[in-house]
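Below is final-v3.txt, holding compact mmCIF, C-alpha atoms.
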# COMPACT_ATOMS: atom_id res chain seq x y z
CA MET A 245 -4.15 22.15 13.56
CA LYS A 246 -6.85 20.25 15.44
CA ARG A 247 -6.63 16.70 16.70
CA GLN A 248 -9.22 14.34 18.11
CA LYS A 249 -8.99 10.75 19.28
CA TYR A 250 -11.67 8.15 18.56
CA HIS A 251 -12.02 4.50 19.60
CA TYR A 252 -13.28 1.88 17.15
CA GLY A 253 -13.38 -0.95 19.73
CA ASP A 254 -13.13 -1.70 23.43
CA ASP A 255 -9.47 -2.72 23.53
CA PRO A 256 -7.01 0.00 24.63
CA SER A 257 -5.19 -0.34 21.30
CA GLN A 258 -8.29 0.08 19.13
CA TRP A 259 -8.17 3.80 18.39
CA GLY A 260 -7.13 6.40 15.89
CA GLU A 261 -6.29 10.07 16.20
CA LEU A 262 -7.50 12.47 13.55
CA PHE A 263 -5.22 15.39 12.72
CA LEU A 264 -7.05 18.15 10.87
CA PRO A 265 -5.54 21.08 8.97
CA ASP A 266 -6.76 24.58 9.68
CA ALA A 267 -8.12 24.79 6.13
CA ALA A 268 -11.81 23.99 5.86
CA GLU A 269 -12.90 20.73 4.25
CA PRO A 270 -9.59 19.05 3.37
CA LYS A 271 -9.50 16.95 0.24
CA GLY A 272 -9.63 13.30 1.23
CA VAL A 273 -7.93 11.52 4.09
CA VAL A 274 -4.63 9.71 4.58
CA VAL A 275 -4.53 6.76 6.96
CA VAL A 276 -1.13 6.59 8.66
CA ILE A 277 -0.23 3.00 9.64
CA HIS A 278 2.90 2.59 11.75
CA GLY A 279 5.38 -0.26 11.59
CA GLY A 280 7.50 -2.16 14.09
CA TYR A 281 7.39 -5.70 12.68
CA TRP A 282 3.84 -6.00 14.08
CA ARG A 283 5.21 -6.18 17.65
CA SER A 284 3.53 -4.55 20.63
CA GLN A 285 6.53 -2.51 21.77
CA TYR A 286 6.06 -0.23 18.77
CA GLY A 287 2.96 1.95 18.61
CA ALA A 288 1.20 4.87 16.99
CA GLU A 289 3.73 7.32 18.39
CA LEU A 290 5.80 6.38 15.32
CA GLY A 291 3.09 7.71 13.03
CA GLU A 292 2.29 10.88 14.96
CA PRO A 293 5.05 13.09 13.47
CA LEU A 294 3.87 12.11 9.98
CA ALA A 295 0.24 12.82 10.78
CA LYS A 296 1.18 16.23 12.19
CA ASP A 297 3.26 17.06 9.13
CA LEU A 298 0.51 16.03 6.74
CA ALA A 299 -2.00 18.18 8.61
CA THR A 300 0.30 21.20 8.40
CA HIS A 301 0.35 20.62 4.63
CA GLY A 302 -3.43 20.67 4.34
CA VAL A 303 -4.14 16.95 4.55
CA ALA A 304 -6.45 15.27 7.07
CA ALA A 305 -4.49 12.42 8.66
CA TRP A 306 -5.89 9.46 10.61
CA ASN A 307 -3.07 8.01 12.76
CA LEU A 308 -4.22 4.45 13.35
CA GLU A 309 -3.38 2.26 16.30
CA TYR A 310 -4.14 -1.46 16.34
CA ARG A 311 -3.50 -4.57 18.41
CA ARG A 312 -0.08 -6.06 17.73
CA ALA A 313 1.57 -9.39 18.45
CA GLY A 314 2.14 -9.36 22.21
CA ASN A 315 -0.89 -7.29 23.24
CA GLY A 316 -3.83 -9.20 21.81
CA GLY A 317 -3.00 -8.77 18.14
CA GLY A 318 -1.41 -10.98 15.56
CA TRP A 319 -3.62 -13.33 13.57
CA PRO A 320 -6.46 -12.52 12.96
CA HIS A 321 -6.99 -9.55 15.28
CA THR A 322 -4.48 -7.12 13.75
CA PHE A 323 -6.13 -7.57 10.36
CA ALA A 324 -9.62 -7.05 11.77
CA ASP A 325 -8.43 -3.93 13.59
CA VAL A 326 -6.91 -2.35 10.50
CA LEU A 327 -10.11 -2.80 8.51
CA ALA A 328 -12.30 -1.63 11.40
CA GLY A 329 -10.01 1.33 12.05
CA ILE A 330 -10.23 2.45 8.43
CA ASP A 331 -13.99 1.94 8.44
CA LYS A 332 -14.30 4.15 11.54
CA LEU A 333 -13.70 7.10 9.23
CA ARG A 334 -17.27 6.75 8.00
CA ASP A 335 -18.54 7.46 11.52
CA VAL A 336 -16.45 10.59 12.00
CA ALA A 337 -16.31 12.05 8.49
CA GLY A 338 -19.56 14.01 8.80
CA ASP A 339 -18.41 15.80 11.95
CA HIS A 340 -15.34 17.16 10.17
CA GLY A 341 -16.47 17.61 6.59
CA LEU A 342 -14.24 14.81 5.31
CA GLY A 343 -14.75 13.41 1.85
CA LEU A 344 -14.29 9.65 1.69
CA ASP A 345 -14.14 9.34 -2.07
CA ARG A 346 -10.36 9.67 -1.73
CA VAL A 347 -8.81 7.75 1.17
CA VAL A 348 -5.19 6.74 0.82
CA ALA A 349 -2.88 4.91 3.18
CA LEU A 350 0.70 5.74 4.14
CA GLY A 351 2.26 2.70 5.77
CA HIS A 352 5.81 2.22 7.04
CA SER A 353 7.51 -1.19 7.22
CA ALA A 354 4.94 -3.59 8.75
CA GLY A 355 2.46 -0.75 8.30
CA GLY A 356 3.22 -0.84 4.58
CA HIS A 357 2.24 -4.49 4.60
CA LEU A 358 -1.03 -3.73 6.37
CA ALA A 359 -1.80 -0.80 4.06
CA VAL A 360 -1.32 -2.77 0.83
CA TRP A 361 -3.16 -5.76 2.32
CA ALA A 362 -6.11 -3.55 3.31
CA ALA A 363 -6.23 -2.05 -0.18
CA GLY A 364 -6.95 -5.57 -1.43
CA ARG A 365 -9.85 -6.23 0.93
CA ASN A 366 -12.23 -6.90 -1.98
CA ARG A 367 -9.96 -9.66 -3.23
CA LEU A 368 -9.67 -11.62 0.02
CA GLY A 369 -12.53 -14.00 -0.70
CA GLU A 370 -10.87 -15.00 -3.98
CA LEU A 371 -7.57 -16.18 -2.52
CA GLY A 372 -8.51 -19.80 -1.98
CA ALA A 373 -8.28 -19.61 1.81
CA PRO A 374 -11.89 -19.80 3.01
CA ASP A 375 -10.93 -21.00 6.50
CA ALA A 376 -8.73 -17.94 6.99
CA ASP A 377 -11.39 -15.67 5.51
CA ARG A 378 -13.96 -16.92 8.02
CA GLN A 379 -11.62 -16.17 10.92
CA LEU A 380 -11.46 -12.50 10.01
CA GLU A 381 -14.25 -10.66 11.77
CA ARG A 382 -15.74 -7.75 9.85
CA LYS A 383 -18.04 -5.22 11.51
CA ASN A 384 -18.63 -2.68 8.77
CA GLY A 385 -22.18 -3.80 8.01
CA GLY A 386 -21.74 -2.97 4.35
CA ALA A 387 -20.28 0.46 5.11
CA ALA A 388 -16.65 -0.33 4.33
CA VAL A 389 -14.26 2.49 3.51
CA HIS A 390 -12.12 1.49 0.54
CA LEU A 391 -8.60 2.76 0.03
CA THR A 392 -8.08 4.55 -3.27
CA GLY A 393 -4.28 4.42 -3.19
CA VAL A 394 -1.29 3.42 -1.05
CA VAL A 395 2.19 4.75 -0.39
CA SER A 396 4.20 1.89 1.08
CA GLN A 397 7.38 2.98 2.86
CA SER A 398 9.86 0.08 2.85
CA GLY A 399 6.88 -2.21 3.28
CA LEU A 400 6.98 -5.92 4.03
CA LEU A 401 5.13 -6.83 0.85
CA ASN A 402 6.36 -10.38 0.29
CA LEU A 403 5.63 -12.34 3.46
CA ALA A 404 6.76 -15.70 2.09
CA GLU A 405 10.20 -14.30 1.38
CA ALA A 406 10.28 -12.40 4.67
CA GLU A 407 9.61 -15.68 6.47
CA ARG A 408 12.26 -17.49 4.43
CA LEU A 409 14.83 -14.82 5.34
CA ASN A 410 13.76 -15.00 9.00
CA LEU A 411 13.50 -11.21 9.11
CA SER A 412 13.57 -9.69 12.60
CA ASN A 413 14.04 -13.08 14.27
CA GLY A 414 10.93 -14.80 12.97
CA ALA A 415 8.62 -11.79 12.94
CA VAL A 416 6.29 -13.24 10.30
CA SER A 417 5.70 -16.52 12.13
CA ASN A 418 5.33 -14.65 15.40
CA PHE A 419 2.76 -12.36 13.83
CA LEU A 420 0.73 -15.14 12.19
CA GLY A 421 0.85 -17.56 15.10
CA GLY A 422 3.01 -20.16 13.37
CA SER A 423 4.96 -21.02 10.26
CA SER A 424 3.66 -21.30 6.71
CA ASP A 425 4.19 -25.05 6.94
CA LYS A 426 1.70 -25.15 9.80
CA TYR A 427 -0.74 -22.51 8.47
CA PRO A 428 -0.26 -22.26 4.69
CA LYS A 429 -3.69 -20.74 3.95
CA ARG A 430 -3.35 -18.15 6.69
CA HIS A 431 0.02 -17.07 5.32
CA ARG A 432 -1.33 -16.89 1.78
CA TYR A 433 -4.31 -14.82 2.93
CA ALA A 434 -2.06 -12.37 4.79
CA ASP A 435 0.47 -11.90 2.00
CA PRO A 436 -0.03 -8.86 -0.27
CA MET A 437 1.59 -10.87 -3.06
CA SER A 438 -1.48 -13.11 -3.11
CA ALA A 439 -3.90 -10.29 -3.96
CA ALA A 440 -1.72 -8.67 -6.62
CA PRO A 441 -2.55 -7.05 -8.94
CA LEU A 442 -4.72 -4.42 -7.25
CA CYS A 443 -6.79 -1.94 -9.22
CA VAL A 444 -5.75 1.03 -7.06
CA PRO A 445 -2.39 2.80 -7.46
CA VAL A 446 0.42 1.69 -5.17
CA TYR A 447 3.73 3.50 -4.76
CA ALA A 448 6.28 1.08 -3.31
CA VAL A 449 8.93 3.43 -1.92
CA HIS A 450 12.11 1.94 -0.46
CA THR A 451 15.25 3.51 0.94
CA THR A 452 18.54 2.54 -0.66
CA GLU A 453 20.35 2.06 2.67
CA ASP A 454 17.61 0.09 4.40
CA ASP A 455 19.13 -2.69 6.52
CA THR A 456 15.87 -3.47 8.33
CA VAL A 457 13.61 -4.45 5.42
CA PRO A 458 15.39 -5.64 2.24
CA LEU A 459 14.82 -3.65 -0.93
CA SER A 460 13.72 -6.90 -2.56
CA GLN A 461 10.46 -6.75 -0.57
CA SER A 462 9.21 -3.74 -2.55
CA GLU A 463 10.92 -4.83 -5.75
CA ALA A 464 9.32 -8.28 -5.84
CA TYR A 465 5.83 -6.99 -5.09
CA SER A 466 6.09 -4.24 -7.69
CA ALA A 467 7.30 -6.66 -10.37
CA ALA A 468 4.49 -9.12 -9.67
CA ALA A 469 1.82 -6.42 -9.57
CA LYS A 470 3.11 -4.70 -12.70
CA ALA A 471 3.17 -8.01 -14.57
CA GLY A 472 -0.53 -8.30 -13.78
CA GLY A 473 -1.24 -4.83 -15.13
CA ALA A 474 -1.54 -3.01 -11.80
CA PRO A 475 -0.89 0.75 -11.49
CA VAL A 476 2.15 0.24 -9.25
CA GLN A 477 5.42 2.15 -9.19
CA PHE A 478 8.64 1.16 -7.44
CA LEU A 479 10.75 4.09 -6.24
CA LYS A 480 14.14 4.11 -4.55
CA VAL A 481 14.95 7.07 -2.31
CA PRO A 482 18.10 7.90 -0.32
CA GLY A 483 18.36 7.17 3.37
CA ASP A 484 17.97 4.40 5.92
CA HIS A 485 14.83 2.66 7.14
CA PHE A 486 13.85 5.46 9.50
CA ALA A 487 14.40 8.33 7.09
CA LEU A 488 10.96 7.48 5.78
CA ILE A 489 9.34 8.56 9.06
CA ASP A 490 11.51 11.62 9.63
CA PRO A 491 9.54 14.68 8.44
CA LYS A 492 12.84 16.51 7.82
CA ALA A 493 14.26 13.83 5.53
CA PRO A 494 14.02 13.95 1.71
CA ALA A 495 12.84 10.31 1.74
CA TYR A 496 9.77 11.22 3.76
CA ARG A 497 9.10 14.40 1.79
CA LYS A 498 8.91 12.31 -1.38
CA CYS A 499 6.28 10.14 0.30
CA ARG A 500 4.31 13.23 1.28
CA GLU A 501 4.37 14.39 -2.36
CA LEU A 502 3.02 11.00 -3.44
CA VAL A 503 0.21 11.16 -0.87
CA GLN A 504 -0.75 14.61 -2.15
CA LEU A 505 -0.63 13.31 -5.70
CA LEU A 506 -2.97 10.43 -4.86
CA LEU A 507 -5.36 12.80 -3.13
CA GLY A 508 -5.36 15.08 -6.16

Produce structure tokens that represent the structure in this file.
Amino acid sequence: MKRQKYHYGDDPSQWGELFLPDAAEPKGVVVVIHGGYWRSQYGAELGEPLAKDLATHGVAAWNLEYRRAGNGGGWPHTFADVLAGIDKLRDVAGDHGLGLDRVVALGHSAGGHLAVWAAGRNRLGELGAPDADRQLERKNGGAAVHLTGVVSQSGLLNLAEAERLNLSNGAVSNFLGGSSDKYPKRHRYADPMSAAPLCVPVYAVHTTEDDTVPLSQSEAYSAAAKAGGAPVQFLKVPGDHFALIDPKAPAYRKCRELVQLLLG
């Protein structure tokens, strides 16, 4: 396995690390997006074991770091970083023989939110929140890398409900710089529910014993997306919230199978 770190901006948190399998020219890329309720005390070290495991199974993995609430992130910088971090793959693909016709995301918890949100990047201008859309800086110059599928691992996919439930002591309001009463368009723009249904396949995987992110987060998103005709599947797997990022756990191994399925 080879690994190489690249920066996509000047901030210390604007980087990704590419984990490459020994096999030549892997098929597609998986973007690993870590969770932690978008807070700065949680970083890309959470995604590293997954990226390593994927590389040992023949998949090129891009373990993405981004600014979080508390270290320069939150609204709108975390969103800009995730898009810019994914787009950085276009700069590095040629050096490693990576094909970008298949790029999927594997996101855990808050990372699941960011992964599904990023998969809807083409829909953002249609959400009726032009003020929020203008605040999001895009630097791809027309060279955006589009996700072709997502595996969400106990993702926060219904921000309005997450705010109502006050999950993780107000994590949603902390992340978005205020409540939905104060910034309704910002909240709508940031919520994956707003962009549903997507045209790319989404696997919403949730552990049955998750006491960190309610099962209803994946269930509600899947129901809304499926009602709109989206290729989404809701899967329940055994384990707690962190089984999904334990390479030895059956819950994670199911996610790895889904990533391989999406990459063909």

Proximity to Lys492 of chain A - best of A:Leu294, A:Gly318, A:Gly508, A:Ala468, only C-alpha atoms: A:Leu294

Point-to-point distance from atom CA of Gly393 of chain A to atom CA of Ser412 of chain A, Å rounded to tenths: 27.7 Å

Among listed residues A:His340, A:Lys429, A:Lys480, A:Lys498, nearest Leu262 of chain A (using all atoms listed in the file):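 Closest residue, counting all atoms listed in the file: A:His340.
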
Residue nearest Arg430 of chain A - candidates A:Glu407, A:Asp345, A:Glu381, A:Asp375, atoms counted: all atoms listed in the file: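 Looking only at the distances to Arg430 of chain A, the closest residue turns out to be A:Asp375.
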
Atom-to-atom span, atom CA of Leu403 of chain A and atom CA of His431 of chain A, Å: 7.6 Å

Contacts of Trp319 of chain A within 9 Å, all atoms listed in the file, excl. fewer than 4 positions in-chain, as a list in words: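 Near Trp319 of chain A, the qualifying residues are Ala313, Phe323, Ala324, Gln379, Leu380, Phe419, Leu420, Gly421, Arg430 and Ala434 of chain A.
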